[in-house]
>>> print(open('input39.cif').read())   # mmCIF, C-alpha atoms
data_start
loop_
_atom_site.group_PDB
_atom_site.id
_atom_site.type_symbol
_atom_site.label_atom_id
_atom_site.label_comp_id
_atom_site.auth_asym_id
_atom_site.auth_seq_id
_atom_site.Cartn_x
_atom_site.Cartn_y
_atom_site.Cartn_z
ATOM 1 C CA MET A 1 8.916 -28.408 2.895
ATOM 2 C CA ALA A 2 10.238 -25.969 0.269
ATOM 3 C CA GLN A 3 11.408 -27.504 -3.018
ATOM 4 C CA ILE A 4 14.829 -26.209 -4.071
ATOM 5 C CA VAL A 5 15.132 -25.993 -7.878
ATOM 6 C CA SER A 6 18.441 -25.073 -9.484
ATOM 7 C CA ILE A 7 17.871 -22.875 -12.524
ATOM 8 C CA GLN A 8 19.415 -24.231 -15.704
ATOM 9 C CA ASP A 9 17.011 -22.881 -18.316
ATOM 10 C CA LEU A 10 15.819 -19.276 -18.151
ATOM 11 C CA SER A 11 12.849 -20.063 -20.399
ATOM 12 C CA ALA A 12 11.060 -22.119 -17.729
ATOM 13 C CA PRO A 13 7.374 -20.993 -17.577
ATOM 14 C CA GLU A 14 7.552 -20.729 -13.778
ATOM 15 C CA LEU A 15 10.006 -17.834 -14.131
ATOM 16 C CA ALA A 16 7.654 -15.682 -16.200
ATOM 17 C CA ALA A 17 6.279 -14.014 -13.084
ATOM 18 C CA TYR A 18 9.709 -12.601 -12.327
ATOM 19 C CA SER A 19 10.888 -11.569 -15.765
ATOM 20 C CA GLN A 20 8.264 -11.440 -18.487
ATOM 21 C CA LEU A 21 4.942 -10.197 -17.126
ATOM 22 C CA THR A 22 3.891 -6.664 -16.286
ATOM 23 C CA ASN A 23 2.156 -5.821 -13.008
ATOM 24 C CA ALA A 24 -1.193 -5.770 -14.833
ATOM 25 C CA GLN A 25 -0.544 -9.212 -16.299
ATOM 26 C CA LEU A 26 0.489 -10.574 -12.926
ATOM 27 C CA ARG A 27 -2.897 -9.550 -11.568
ATOM 28 C CA SER A 28 -4.825 -11.584 -14.127
ATOM 29 C CA ARG A 29 -2.863 -14.105 -16.187
ATOM 30 C CA LEU A 30 -1.151 -16.420 -13.749
ATOM 31 C CA GLU A 31 -4.033 -17.026 -11.389
ATOM 32 C CA PRO A 32 -7.245 -15.503 -12.761
ATOM 33 C CA GLU A 33 -9.238 -15.629 -9.528
ATOM 34 C CA LYS A 34 -6.709 -13.734 -7.424
ATOM 35 C CA GLY A 35 -3.639 -12.898 -9.439
ATOM 36 C CA ILE A 36 -0.063 -12.671 -8.238
ATOM 37 C CA PHE A 37 2.253 -9.989 -6.930
ATOM 38 C CA ILE A 38 5.991 -9.897 -6.245
ATOM 39 C CA ALA A 39 7.538 -9.163 -2.852
ATOM 40 C CA GLU A 40 11.237 -8.352 -2.529
ATOM 41 C CA SER A 41 13.784 -8.891 0.296
ATOM 42 C CA ALA A 42 13.662 -11.262 3.252
ATOM 43 C CA LYS A 43 12.178 -8.611 5.562
ATOM 44 C CA VAL A 44 9.289 -7.710 3.259
ATOM 45 C CA ILE A 45 8.545 -11.356 2.427
ATOM 46 C CA SER A 46 8.567 -12.233 6.130
ATOM 47 C CA THR A 47 6.123 -9.407 6.853
ATOM 48 C CA ALA A 48 3.804 -10.719 4.132
ATOM 49 C CA LEU A 49 3.962 -14.223 5.586
ATOM 50 C CA ASP A 50 3.203 -12.836 9.045
ATOM 51 C CA ALA A 51 0.081 -11.239 7.577
ATOM 52 C CA GLY A 52 -1.076 -14.558 6.092
ATOM 53 C CA TYR A 53 -0.177 -14.045 2.434
ATOM 54 C CA ARG A 54 0.380 -17.283 0.500
ATOM 55 C CA PRO A 55 3.732 -17.827 -1.241
ATOM 56 C CA ILE A 56 3.715 -19.448 -4.676
ATOM 57 C CA SER A 57 7.430 -19.545 -5.447
ATOM 58 C CA LEU A 58 10.698 -17.798 -4.633
ATOM 59 C CA LEU A 59 13.662 -16.728 -6.752
ATOM 60 C CA MET A 60 17.005 -16.076 -5.126
ATOM 61 C CA GLU A 61 20.760 -16.168 -5.387
ATOM 62 C CA ARG A 62 22.123 -19.537 -4.363
ATOM 63 C CA GLN A 63 24.218 -18.028 -1.572
ATOM 64 C CA LYS A 64 21.080 -16.708 0.141
ATOM 65 C CA LEU A 65 20.003 -20.263 1.029
ATOM 66 C CA GLU A 66 22.443 -20.201 3.921
ATOM 67 C CA GLY A 67 21.918 -16.542 4.712
ATOM 68 C CA PRO A 68 18.864 -14.224 4.974
ATOM 69 C CA ALA A 69 16.579 -16.685 3.176
ATOM 70 C CA ALA A 70 17.215 -19.572 5.543
ATOM 71 C CA PRO A 71 14.401 -18.699 8.006
ATOM 72 C CA LEU A 72 11.967 -18.277 5.099
ATOM 73 C CA LEU A 73 12.470 -21.803 3.814
ATOM 74 C CA ASP A 74 10.680 -23.220 6.854
ATOM 75 C CA ARG A 75 7.703 -20.925 6.295
ATOM 76 C CA VAL A 76 6.817 -21.318 2.628
ATOM 77 C CA GLY A 77 5.368 -24.813 2.675
ATOM 78 C CA GLU A 78 5.926 -26.716 -0.572
ATOM 79 C CA ALA A 79 6.574 -23.616 -2.673
ATOM 80 C CA LYS A 80 9.354 -23.990 -5.223
ATOM 81 C CA VAL A 81 12.526 -22.038 -4.529
ATOM 82 C CA PHE A 82 14.395 -21.276 -7.747
ATOM 83 C CA VAL A 83 18.085 -20.624 -7.161
ATOM 84 C CA GLY A 84 20.964 -19.576 -9.386
ATOM 85 C CA GLU A 85 24.146 -17.566 -9.445
ATOM 86 C CA ARG A 86 23.995 -13.778 -9.237
ATOM 87 C CA ALA A 87 25.068 -13.211 -12.856
ATOM 88 C CA LEU A 88 22.426 -15.613 -14.132
ATOM 89 C CA LEU A 89 19.615 -14.031 -12.144
ATOM 90 C CA SER A 90 20.666 -10.527 -13.152
ATOM 91 C CA SER A 91 20.348 -11.545 -16.781
ATOM 92 C CA LEU A 92 16.887 -12.965 -16.044
ATOM 93 C CA THR A 93 15.440 -9.931 -14.298
ATOM 94 C CA GLY A 94 17.518 -7.258 -16.005
ATOM 95 C CA TYR A 95 18.904 -5.912 -12.741
ATOM 96 C CA PRO A 96 20.504 -7.254 -9.554
ATOM 97 C CA LEU A 97 17.897 -8.758 -7.256
ATOM 98 C CA THR A 98 16.909 -6.603 -4.295
ATOM 99 C CA ARG A 99 18.873 -8.195 -1.468
ATOM 100 C CA GLY A 100 18.919 -11.345 -3.561
ATOM 101 C CA ILE A 101 15.361 -12.626 -2.932
ATOM 102 C CA LEU A 102 12.017 -12.331 -4.731
ATOM 103 C CA CYS A 103 8.762 -14.090 -3.856
ATOM 104 C CA ALA A 104 5.669 -14.530 -6.014
ATOM 105 C CA MET A 105 2.592 -14.481 -3.772
ATOM 106 C CA ALA A 106 -1.136 -14.938 -4.276
ATOM 107 C CA ARG A 107 -3.160 -11.757 -4.167
ATOM 108 C CA PRO A 108 -5.689 -11.666 -1.326
ATOM 109 C CA VAL A 109 -9.424 -11.169 -1.644
ATOM 110 C CA LEU A 110 -9.852 -7.587 -0.481
ATOM 111 C CA PRO A 111 -12.316 -6.810 2.313
ATOM 112 C CA ALA A 112 -15.238 -4.455 1.805
ATOM 113 C CA PRO A 113 -14.661 -0.919 3.122
ATOM 114 C CA GLU A 114 -17.318 -1.477 5.801
ATOM 115 C CA GLU A 115 -15.306 -4.344 7.214
ATOM 116 C CA ILE A 116 -12.093 -2.404 7.760
ATOM 117 C CA LEU A 117 -13.916 0.699 9.018
ATOM 118 C CA LYS A 118 -15.805 -1.007 11.855
ATOM 119 C CA SER A 119 -13.450 0.158 14.590
ATOM 120 C CA ALA A 120 -11.430 2.716 12.637
ATOM 121 C CA ARG A 121 -10.960 6.300 13.782
ATOM 122 C CA ARG A 122 -8.321 7.548 11.355
ATOM 123 C CA VAL A 123 -8.540 6.697 7.659
ATOM 124 C CA ALA A 124 -6.563 7.844 4.621
ATOM 125 C CA VAL A 125 -8.477 8.080 1.342
ATOM 126 C CA LEU A 126 -6.297 8.206 -1.782
ATOM 127 C CA GLU A 127 -7.690 9.639 -5.026
ATOM 128 C CA GLY A 128 -5.932 9.149 -8.327
ATOM 129 C CA ILE A 129 -2.411 8.666 -6.930
ATOM 130 C CA VAL A 130 -0.666 6.738 -9.692
ATOM 131 C CA ASP A 131 2.979 6.896 -8.629
ATOM 132 C CA ALA A 132 4.019 3.587 -7.034
ATOM 133 C CA THR A 133 6.714 5.240 -4.913
ATOM 134 C CA ASN A 134 4.173 7.649 -3.420
ATOM 135 C CA ILE A 135 1.716 4.846 -2.712
ATOM 136 C CA GLY A 136 4.407 2.807 -0.960
ATOM 137 C CA ALA A 137 5.613 5.789 1.071
ATOM 138 C CA ILE A 138 2.074 6.705 2.123
ATOM 139 C CA PHE A 139 1.441 3.166 3.354
ATOM 140 C CA ARG A 140 4.711 3.200 5.294
ATOM 141 C CA SER A 141 3.733 6.470 6.994
ATOM 142 C CA ALA A 142 0.216 5.151 7.627
ATOM 143 C CA ALA A 143 1.636 2.127 9.436
ATOM 144 C CA ALA A 144 4.236 4.104 11.379
ATOM 145 C CA LEU A 145 1.788 6.803 12.477
ATOM 146 C CA ASN A 146 -1.044 4.423 13.357
ATOM 147 C CA MET A 147 -3.637 5.114 10.692
ATOM 148 C CA ASP A 148 -6.360 2.495 10.885
ATOM 149 C CA ALA A 149 -7.050 1.954 7.193
ATOM 150 C CA VAL A 150 -6.434 3.153 3.657
ATOM 151 C CA LEU A 151 -9.120 3.444 0.975
ATOM 152 C CA LEU A 152 -8.182 3.842 -2.698
ATOM 153 C CA THR A 153 -10.094 4.979 -5.757
ATOM 154 C CA PRO A 154 -9.820 2.742 -8.863
ATOM 155 C CA THR A 155 -7.545 5.345 -10.483
ATOM 156 C CA CYS A 156 -4.816 4.789 -7.863
ATOM 157 C CA CYS A 157 -1.735 2.658 -8.384
ATOM 158 C CA ASP A 158 -2.127 -0.888 -7.090
ATOM 159 C CA PRO A 159 -0.618 -1.101 -3.559
ATOM 160 C CA LEU A 160 0.714 -4.554 -4.501
ATOM 161 C CA ASN A 161 2.688 -3.130 -7.398
ATOM 162 C CA ARG A 162 6.248 -4.434 -7.007
ATOM 163 C CA ARG A 163 7.760 -0.996 -6.397
ATOM 164 C CA ALA A 164 4.976 0.088 -4.040
ATOM 165 C CA VAL A 165 5.488 -3.030 -1.928
ATOM 166 C CA ARG A 166 9.243 -2.452 -1.813
ATOM 167 C CA VAL A 167 9.008 1.253 -0.898
ATOM 168 C CA SER A 168 6.429 0.512 1.800
ATOM 169 C CA MET A 169 8.854 -1.960 3.424
ATOM 170 C CA GLY A 170 5.918 -4.339 3.806
ATOM 171 C CA ALA A 171 3.523 -1.802 5.319
ATOM 172 C CA VAL A 172 0.968 -2.678 2.613
ATOM 173 C CA PHE A 173 0.595 -5.985 4.477
ATOM 174 C CA GLN A 174 0.104 -4.303 7.854
ATOM 175 C CA VAL A 175 -2.448 -1.552 7.191
ATOM 176 C CA PRO A 176 -5.930 -2.736 6.143
ATOM 177 C CA TRP A 177 -6.957 -1.370 2.740
ATOM 178 C CA ALA A 178 -9.833 -1.592 0.313
ATOM 179 C CA GLY A 179 -10.974 -0.190 -3.019
ATOM 180 C CA LEU A 180 -13.766 2.319 -3.524
ATOM 181 C CA GLU A 181 -16.085 0.762 -6.088
ATOM 182 C CA GLY A 182 -19.703 -0.280 -6.466
ATOM 183 C CA ALA A 183 -21.706 1.017 -3.527
ATOM 184 C CA TRP A 184 -18.642 3.070 -2.580
ATOM 185 C CA ALA A 185 -18.177 4.686 -6.009
ATOM 186 C CA TRP A 186 -16.092 7.812 -5.622
ATOM 187 C CA PRO A 187 -16.629 10.582 -4.807
ATOM 188 C CA GLY A 188 -20.369 10.878 -4.232
ATOM 189 C CA ALA A 189 -21.366 7.481 -2.857
ATOM 190 C CA GLY A 190 -18.043 6.916 -1.097
ATOM 191 C CA LEU A 191 -18.112 10.217 0.780
ATOM 192 C CA ALA A 192 -21.754 9.690 1.698
ATOM 193 C CA ARG A 193 -20.972 6.259 3.141
ATOM 194 C CA LEU A 194 -18.058 7.639 5.154
ATOM 195 C CA LYS A 195 -20.307 10.299 6.651
ATOM 196 C CA GLU A 196 -23.001 7.709 7.444
ATOM 197 C CA LEU A 197 -20.335 5.842 9.435
ATOM 198 C CA GLY A 198 -19.577 8.977 11.427
ATOM 199 C CA PHE A 199 -16.439 10.186 9.689
ATOM 200 C CA VAL A 200 -15.627 13.840 9.273
ATOM 201 C CA THR A 201 -14.046 14.217 5.836
ATOM 202 C CA ALA A 202 -11.128 16.571 5.240
ATOM 203 C CA ALA A 203 -9.699 17.230 1.774
ATOM 204 C CA MET A 204 -6.021 18.176 1.673
ATOM 205 C CA ALA A 205 -5.978 20.941 -0.923
ATOM 206 C CA LEU A 206 -4.900 24.504 -1.574
ATOM 207 C CA GLY A 207 -7.641 27.064 -1.888
ATOM 208 C CA ASP A 208 -9.575 29.847 -0.274
ATOM 209 C CA GLY A 209 -11.016 28.779 3.040
ATOM 210 C CA ALA A 210 -8.582 25.923 3.631
ATOM 211 C CA LEU A 211 -7.904 25.447 7.340
ATOM 212 C CA PRO A 212 -4.357 24.890 8.649
ATOM 213 C CA LEU A 213 -3.838 21.390 10.039
ATOM 214 C CA ASP A 214 -3.537 22.747 13.571
ATOM 215 C CA SER A 215 -6.834 24.643 13.450
ATOM 216 C CA PRO A 216 -8.840 24.285 16.696
ATOM 217 C CA ARG A 217 -11.813 23.247 14.559
ATOM 218 C CA LEU A 218 -9.947 20.080 13.618
ATOM 219 C CA ARG A 219 -8.922 18.996 17.089
ATOM 220 C CA ASN A 220 -10.340 16.032 18.966
ATOM 221 C CA LEU A 221 -12.354 14.685 16.065
ATOM 222 C CA GLU A 222 -13.817 11.313 16.923
ATOM 223 C CA LYS A 223 -13.479 9.863 13.415
ATOM 224 C CA LEU A 224 -11.594 11.464 10.542
ATOM 225 C CA ALA A 225 -11.142 10.505 6.898
ATOM 226 C CA LEU A 226 -8.242 12.433 5.380
ATOM 227 C CA VAL A 227 -8.512 12.680 1.586
ATOM 228 C CA LEU A 228 -5.336 13.068 -0.494
ATOM 229 C CA GLY A 229 -4.934 13.485 -4.246
ATOM 230 C CA ALA A 230 -2.255 13.133 -6.868
ATOM 231 C CA GLU A 231 0.500 15.661 -7.302
ATOM 232 C CA GLY A 232 -0.122 18.198 -10.008
ATOM 233 C CA ASP A 233 -3.871 17.960 -10.499
ATOM 234 C CA GLY A 234 -4.610 17.294 -6.839
ATOM 235 C CA LEU A 235 -8.107 16.379 -5.712
ATOM 236 C CA SER A 236 -11.051 16.839 -8.043
ATOM 237 C CA GLN A 237 -13.305 19.821 -7.421
ATOM 238 C CA ALA A 238 -16.208 17.421 -6.941
ATOM 239 C CA THR A 239 -14.360 15.709 -4.099
ATOM 240 C CA ILE A 240 -13.318 18.963 -2.440
ATOM 241 C CA ALA A 241 -16.850 20.357 -2.652
ATOM 242 C CA GLN A 242 -18.361 17.318 -0.921
ATOM 243 C CA CYS A 243 -15.856 17.087 1.949
ATOM 244 C CA ASP A 244 -16.619 18.698 5.308
ATOM 245 C CA TYR A 245 -13.350 20.635 5.380
ATOM 246 C CA MET A 246 -10.490 21.660 3.136
ATOM 247 C CA VAL A 247 -7.171 21.589 4.987
ATOM 248 C CA ARG A 248 -3.605 22.624 4.224
ATOM 249 C CA ILE A 249 -0.136 22.438 5.704
ATOM 250 C CA PRO A 250 1.190 25.958 6.439
ATOM 251 C CA MET A 251 4.210 26.599 4.190
ATOM 252 C CA ALA A 252 7.240 28.905 4.494
ATOM 253 C CA HIS A 253 9.789 30.430 2.077
ATOM 254 C CA GLY A 254 7.279 30.651 -0.741
ATOM 255 C CA VAL A 255 6.899 26.877 -1.079
ATOM 256 C CA ASP A 256 3.326 26.157 -2.079
ATOM 257 C CA SER A 257 3.065 22.476 -1.202
ATOM 258 C CA LEU A 258 4.810 19.208 -0.348
ATOM 259 C CA ASN A 259 5.081 15.959 -2.224
ATOM 260 C CA VAL A 260 1.906 13.961 -1.459
ATOM 261 C CA ALA A 261 3.844 11.283 0.418
ATOM 262 C CA ALA A 262 5.579 13.865 2.611
ATOM 263 C CA ALA A 263 2.309 15.721 3.119
ATOM 264 C CA SER A 264 0.594 12.523 4.197
ATOM 265 C CA ALA A 265 3.193 11.903 6.902
ATOM 266 C CA VAL A 266 2.767 15.419 8.297
ATOM 267 C CA ALA A 267 -1.017 15.088 8.314
ATOM 268 C CA PHE A 268 -1.009 11.578 9.789
ATOM 269 C CA TRP A 269 1.172 12.835 12.631
ATOM 270 C CA GLN A 270 -1.015 15.869 13.260
ATOM 271 C CA PHE A 271 -4.265 13.918 13.303
ATOM 272 C CA ARG A 272 -3.046 10.786 15.053
ATOM 273 C CA VAL A 273 -5.126 9.554 17.969
ATOM 274 C CA ARG A 274 -3.189 10.375 21.106
ATOM 275 C CA ALA A 275 -3.002 7.716 23.808
ATOM 276 C CA ALA A 276 -5.018 9.841 26.217
ATOM 277 C CA GLU A 277 -7.818 10.143 23.664
ATOM 278 C CA THR A 278 -8.036 6.437 22.821
ATOM 279 C CA ARG A 279 -11.311 4.819 23.733
ATOM 280 C CA GLU A 280 -13.434 1.989 22.461
ATOM 281 C CA ILE A 281 -15.745 2.779 19.562
ATOM 282 C CA ASN A 282 -19.109 1.120 19.995
#
>>> encode(input="input39.cif", output="structure tokens")
Amino acid sequence: MAQIVSIQDLSAPELAAYSQLTNAQLRSRLEPEKGIFIAESAKVISTALDAGYRPISLLMERQKLEGPAAPLLDRVGEAKVFVGERALLSSLTGYPLTRGILCAMARPVLPAPEEILKSARRVAVLEGIVDATNIGAIFRSAAALNMDAVLLTPTCCDPLNRRAVRVSMGAVFQVPWAGLEGAWAWPGAGLARLKELGFVTAAMALGDGALPLDSPRLRNLEKLALVLGAEGDGLSQATIAQCDYMVRIPMAHGVDSLNVAAASAVAFWQFRVRAAETREIN
């Protein structure tokens, strides 16, 4: 059963996760083997619990105990629930709490890319996307438009960054994801492994020879890995050169491109697996 703790002293060490540590410190200092991340709002926390994430503690306005947080209290085991008045908690975090509830959770052990690609047909590969809002929005679109997995290079923002989790509305807990390191070092080894697993690779980039998303050559692909890069610099030339295709979204009114999060949603929709095409992958 959850332990309700009324906050009297803002210097309590247990509150450091919410007020004093950066995202990088949360990943390593509080629990070296796995680290910690922060989820915000009852909906997002509930989604994380549904996905099997382990709560460590919660921080909330006292009034939430009888409101949105009530169902959570039966689901967090013996985790401590720190409660206080709104003014007190605002002074602790520096801003009003998002819907009045935060939850510190243990980071999971990530699966290997091979594990999440076993039955996948549509995969998003993110290269060097450092903006947490874009990462969160891409995950939300990936969940909504039925992408099977997301792979990230080490230069990407952490999907469990507090803002990324919030913007994704919990989608980071619903879409399987893994990092591209070691045997999957990007771009050479990672692209080679994707191709060995039967994926056609398509780099979203502007350039001569780029195919429009609705090109007949891109229809009915059995397995597709869609590669997206950061705004500004975009994908590296090494990545583009090693992909099977370069693809673009046709633009009007002289606009050259879309924000990467918006572009991802358009591409995910275009390349989604239609119900009539769905079949078991052996």
>>> residues_around(input="input39.cif", residues="Cys157 in chain A", least_positions_apart="2", cutoff="9 Å", atoms="all atoms listed in the file", output="PyMOL selection string")
chain A and resi 128-132+135+152+154-155+159-161+164
>>> closest_atom_pairs(input="input39.cif", of="range 171-204 of chain A", to="range 46-58 of chain A", cutoff="9 Å", atoms="all atoms listed in the file", output="CSV")
residue,atom,partner,partner_atom,distance
A:Ala171,CA,A:Thr47,CA,8.2
A:Val172,CA,A:Ala48,CA,8.7
A:Phe173,CA,A:Ala48,CA,5.7
A:Gln174,CA,A:Ala51,CA,6.9
>>> write_last_selection(input="input39.cif", atoms="C-alpha atoms", output="PDB file, keeping the file's coordinate frame")
ATOM      1  CA  ALA A 171       3.523  -1.802   5.319  1.00  0.00           C
ATOM      2  CA  VAL A 172       0.968  -2.678   2.613  1.00  0.00           C
ATOM      3  CA  PHE A 173       0.595  -5.985   4.477  1.00  0.00           C
ATOM      4  CA  GLN A 174       0.104  -4.303   7.854  1.00  0.00           C
TER       5      GLN A 174
END
>>> residues_near_point(input="input39.cif", point="(16.5, -15.1, -2.5)", cutoff="7 Å", atoms="all atoms listed in the file", output="list in words")
Leu58, Leu59, Met60, Glu61, Lys64, Ala69, Gly100, Ile101 and Leu102 of chain A
>>> resolve_selection(input="input39.cif", expression="the PyMOL selection byres ((chain A and resi 148) around 12)", output="PyMOL selection string")
chain A and resi 113+115-125+139+141-147+149-151+174-178+223-226+268+271-273
>>> closest_residue(input="input39.cif", among="A:Pro111, A:Gly179, A:Ile45, A:Glu66", to="Arg162 in chain A", atoms="only C-alpha atoms")
A:Ile45
>>> resolve_selection(input="input39.cif", expression="the PyMOL selection byres ((chain A and resi 73-82) around 6)", output="ChimeraX atom specification")
/A:1-6,56-59,70-72,83
>>> residues_around(input="input39.cif", residues="Asp214 in chain A", least_positions_apart="2", cutoff="12 Å", atoms="all atoms listed in the file", output="number ranges by chain")
A: 210-212, 216-220, 247-250, 266-267, 269-271
>>> residues_around(input="input39.cif", residues="Ser236 in chain A", least_positions_apart="4", cutoff="10 Å", atoms="all atoms listed in the file", output="VMD selection string")
chain A and resid 127 to 128 187 203 205 229 to 230 240 to 241
>>> closest_residue(input="input39.cif", among="A:Leu258, A:Ala87, A:Ala42, A:Leu206", to="Gln237 in chain A", atoms="all atoms listed in the file")
A:Leu206
>>> closest_residue(input="input39.cif", among="A:Gln8, A:Asn259, A:Thr133, A:Ser90", to="Met169 in chain A", atoms="all atoms listed in the file")
A:Thr133
>>> closest_residue(input="input39.cif", among="A:Glu231, A:Glu114, A:Arg140, A:Gln242", to="Leu180 in chain A", atoms="all atoms listed in the file")
A:Glu114
>>> resolve_selection(input="input39.cif", expression="the PyMOL selection byres ((chain A and resi 182-184) around 10)", output="JSON, numbers by chain")
{"A": [112, 113, 114, 153, 179, 180, 181, 185, 186, 187, 188, 189, 190, 191, 192, 193, 194]}
>>> axis_aligned_box(input="input39.cif", around="range 50-53 of chain A", padding_each_side="5 Å", output="lines of an AutoDock Vina configuration file")
center_x = 1.1
center_y = -12.9
center_z = 5.7
size_x = 14.3
size_y = 13.3
size_z = 16.6
>>> decode(input="input39.cif", residues="range 47-87 of chain A", atoms="C-alpha atoms", output="tab-separated table (two decimals), in the first residue's frame")
chain	number	residue	atom	x	y	z
A	47	THR	CA	0.12	4.40	-19.11
A	48	ALA	CA	3.59	3.73	-17.71
A	49	LEU	CA	2.16	1.45	-15.04
A	50	ASP	CA	0.15	-0.40	-17.68
A	51	ALA	CA	3.41	-1.02	-19.55
A	52	GLY	CA	5.06	-2.48	-16.44
A	53	TYR	CA	7.26	0.43	-15.37
A	54	ARG	CA	8.13	0.45	-11.66
A	55	PRO	CA	7.21	3.51	-9.57
A	56	ILE	CA	9.70	4.70	-6.96
A	57	SER	CA	7.84	7.66	-5.49
A	58	LEU	CA	5.20	10.25	-6.34
A	59	LEU	CA	4.93	13.98	-5.67
A	60	MET	CA	1.56	15.68	-5.80
A	61	GLU	CA	-0.71	18.38	-4.50
A	62	ARG	CA	-2.60	17.23	-1.43
A	63	GLN	CA	-5.97	17.79	-3.10
A	64	LYS	CA	-5.12	15.25	-5.81
A	65	LEU	CA	-5.32	12.40	-3.27
A	66	GLU	CA	-9.09	12.49	-3.57
A	67	GLY	CA	-9.10	13.33	-7.26
A	68	PRO	CA	-7.14	12.11	-10.33
A	69	ALA	CA	-4.45	10.43	-8.22
A	70	ALA	CA	-6.84	8.24	-6.27
A	71	PRO	CA	-6.79	5.30	-8.73
A	72	LEU	CA	-2.98	5.44	-8.85
A	73	LEU	CA	-2.58	4.92	-5.12
A	74	ASP	CA	-3.79	1.33	-5.44
A	75	ARG	CA	-1.27	0.62	-8.19
A	76	VAL	CA	2.05	1.89	-6.85
A	77	GLY	CA	2.73	-0.71	-4.20
A	78	GLU	CA	4.68	0.64	-1.22
A	79	ALA	CA	6.04	3.67	-3.07
A	80	LYS	CA	6.12	6.87	-1.03
A	81	VAL	CA	3.65	9.55	-2.05
A	82	PHE	CA	4.89	13.00	-1.06
A	83	VAL	CA	2.08	15.52	-0.73
A	84	GLY	CA	1.94	19.24	-0.04
A	85	GLU	CA	0.03	22.38	-0.84
A	86	ARG	CA	0.23	23.87	-4.33
A	87	ALA	CA	2.28	26.91	-3.28
